[in-house]
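Peer 1: Can you keep this structure in mind? I'll have questions shortly.
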Amino acid sequence: MDSKVQQQAAIFEWPVTVYYEDTDAGGVVYHSNYLKFFERARTELLRTIGVSQQVLLEQNLGFVVRHMDIDFLQGARLDDHLTVTTKIADLKKASLVFCQEIVNHDGKTLCKAMVKVACIDNKKMRPKAMPKSIVMELTYSDR
């Protein structure tokens, strides 16, 4: 990882409340919903540095998940107040790796994931270098 990214690798936090729709019949968060929580946090991190998904789409650019390692440690329940933490672990020309965790109000990690995201040309469905402005914000922002 670029040393500048390492130095600036701040942790972004996004709050999540568990709603009825997020749970199974037992009131426990259904496993695929953790992916949604992680996605929302990554999107909000980009939004805080001024990256609009709508503007990217207009430029035929997109971020897609290429690979994910996920570890479900403990279930969250209905009405839990959670925090999704997100940190950039690696930044390359056309991809980045996020280290994410979902923690409960006691600070206990319930789920963690390493998510590799690629920047692509939406028309060609091929990797494309991220705009320099985004790389600069990801590298130097104190998020």
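How things are named: the first chain in the structure tokens is A, the next is B, and so on; residues count from 1 in each chain; ligands count from 1 in the order shown.
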I'd like the contact shell of Leu78 of chain A - 6 Å cut-off, only C-alpha atoms, skipping same-chain residues fewer than 4 positions apart - returned as a PyMOL selection string.

Peer 2: chain A and resi 18-19+27

Peer 1: Those same residues, written as a PDB file, in the first residue's frame with N, CA and C atoms?

Peer 2:
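Result file follows (out.pdb):
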```
ATOM      1  N   VAL A  18     -30.877  -1.677  13.116  1.00  0.00           N
ATOM      2  CA  VAL A  18     -31.455  -2.905  12.566  1.00  0.00           C
ATOM      3  C   VAL A  18     -32.975  -2.797  12.609  1.00  0.00           C
ATOM      4  N   TYR A  19     -33.579  -2.874  11.435  1.00  0.00           N
ATOM      5  CA  TYR A  19     -35.032  -2.826  11.302  1.00  0.00           C
ATOM      6  C   TYR A  19     -35.588  -4.238  11.125  1.00  0.00           C
ATOM      7  N   GLY A  27     -35.587 -12.821  14.504  1.00  0.00           N
ATOM      8  CA  GLY A  27     -35.178 -11.484  14.924  1.00  0.00           C
ATOM      9  C   GLY A  27     -33.687 -11.227  14.829  1.00  0.00           C
TER      10      GLY A  27
END
```

Peer 1: What's around Ala41 of chain A at 8 Å? Count only C-alpha atoms, leave out sequence neighbours fewer than 5 positions away in its own chain, and write the answer as an NGL selection string.

Peer 2: :A and (13-14 or 84-86)

Peer 1: Please report, as number ranges by chain, each residue of chain A to which DSSP assigns alpha helix (DSSP H) when run on this structure's backbone.

Peer 2: A: 3-8, 31-48, 53-58, 132-140

Peer 1: Near Arg126 of chain A, counting only C-alpha atoms, which residues have an atom at most 12 Å away, once you skip same-chain residues fewer than 5 positions from it, shown as a PyMOL selection string?

Peer 2: chain A and resi 60-64+66+94-95+118-121

Peer 1: Those same residues, written as a compact mmCIF listing (two decimals), in the first residue's frame with N, CA and C atoms?

Peer 2:
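The file below, selection_14.txt, is the result:
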```txt
# COMPACT_ATOMS: atom_id res chain seq x y z
N ASN A 60 -20.01 7.15 -17.18
CA ASN A 60 -19.85 5.72 -17.50
C ASN A 60 -18.81 5.03 -16.62
N LEU A 61 -18.68 5.51 -15.39
CA LEU A 61 -17.76 4.89 -14.44
C LEU A 61 -18.57 4.24 -13.32
N GLY A 62 -18.03 3.17 -12.81
CA GLY A 62 -18.68 2.53 -11.68
C GLY A 62 -17.68 1.81 -10.81
N PHE A 63 -18.08 1.57 -9.58
CA PHE A 63 -17.29 0.75 -8.67
C PHE A 63 -18.04 -0.55 -8.47
N VAL A 64 -17.37 -1.66 -8.68
CA VAL A 64 -18.00 -2.97 -8.51
C VAL A 64 -17.14 -3.82 -7.56
N ARG A 66 -15.22 -6.83 -6.61
CA ARG A 66 -14.52 -7.89 -7.35
C ARG A 66 -14.30 -9.12 -6.48
N ALA A 94 -6.73 1.24 -10.43
CA ALA A 94 -8.10 0.91 -10.81
C ALA A 94 -8.84 0.08 -9.75
N SER A 95 -8.28 0.00 -8.56
CA SER A 95 -8.97 -0.77 -7.52
C SER A 95 -8.59 -0.27 -6.13
N ALA A 118 -13.33 -2.69 -7.77
CA ALA A 118 -12.67 -2.26 -9.01
C ALA A 118 -13.43 -1.10 -9.62
N CYS A 119 -12.70 -0.19 -10.21
CA CYS A 119 -13.31 0.89 -10.98
C CYS A 119 -13.40 0.38 -12.42
N ILE A 120 -14.61 0.51 -13.01
CA ILE A 120 -14.79 0.00 -14.37
C ILE A 120 -15.44 1.04 -15.28
N ASP A 121 -15.23 0.83 -16.56
CA ASP A 121 -15.97 1.54 -17.61
C ASP A 121 -17.29 0.78 -17.74
```

Peer 1: With segment 43-49 of chain A as the partner and 12 Å as the cut-off, tabulate the residues of segment 94-128 of chain A that qualify, each row holding the nearest pair of atoms and their distance in Å to one decimal, using only C-alpha atoms, sorted by chain and rising number, as a Markdown table.

Peer 2:
```
| residue | atom | partner | partner_atom | distance |
| --- | --- | --- | --- | --- |
| A:Phe98 | CA | A:Leu45 | CA | 10.8 |
| A:Gln100 | CA | A:Leu45 | CA | 11.7 |
| A:Val117 | CA | A:Thr43 | CA | 11.7 |
```

Peer 1: From chain A, collect each residue whose DSSP state is strand (DSSP E or B) and return the set as a PyMOL selection string.

Peer 2: chain A and resi 12-17+23+28-29+61-72+77+81-91+95-103+109-121+126-127

Peer 1: Provide the atom CA of Val97 of chain A to atom CA of Lys116 of chain A distance in Å, to one decimal place.

Peer 2: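 Those two atoms sit 4.3 Å apart.
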
Peer 1: Using only C-alpha atoms, find the one residue out of A:Leu35, A:Ala76, A:Leu82, A:Val65 that sits nearest to Val16 of chain A.

Peer 2: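 Counting only C-alpha atoms, the residue closest to Val16 of chain A is A:Leu82.
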
Peer 1: When distances are computed from only C-alpha atoms, which of A:Lys87, A:His105, A:Lys123, A:Arg77 shows the smallest separation from Thr139 of chain A?

Peer 2: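 Closest to Thr139 of chain A of all the choices is A:Lys87.
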
Peer 1: Using only C-alpha atoms, determine which residues lie at most 9 Å from Val135 of chain A, disregarding the query and same-chain residues fewer than 6 positions distant; provide the list as a VMD selection string.

Peer 2: chain A and resid 91 to 93

Peer 1: Using atom CA of Pro15 of chain A and atom CA of Ile102 of chain A as the two end points, give the distance in Å to one decimal.

Peer 2: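 Atom CA of Pro15 of chain A sits 9.5 Å away from atom CA of Ile102 of chain A.
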
Peer 1: Rank A:Ala113, A:Val103, A:Leu57, A:Val51 by their smallest atom-to-atom distance to Asp80 of chain A, using only C-alpha atoms, and report the top residue only.

Peer 2: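 Between A:Ala113, A:Val103, A:Leu57, A:Val51, the residue approaching Asp80 of chain A most closely is A:Val103.
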
Peer 1: Tell me which of A:Leu56, A:Ile11, A:Val115, A:Leu73 sits closest to Ile134 of chain A, counting only C-alpha atoms.

Peer 2: A:Leu56

Peer 1: Identify which of the residues A:Leu138, A:Cys99, A:Val55, A:Ile88 lies closest to Met114 of chain A, counting only C-alpha atoms when measuring atom-to-atom distances.

Peer 2: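 Going through A:Leu138, A:Cys99, A:Val55, A:Ile88 one by one, the smallest distance to Met114 of chain A is for A:Cys99.
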
Peer 1: Would you mind telling me which residue in A:Leu110, A:Glu58, A:Gly50, A:Gly75 lies nearest to Glu137 of chain A when using only C-alpha atoms?

Peer 2: A:Gly50
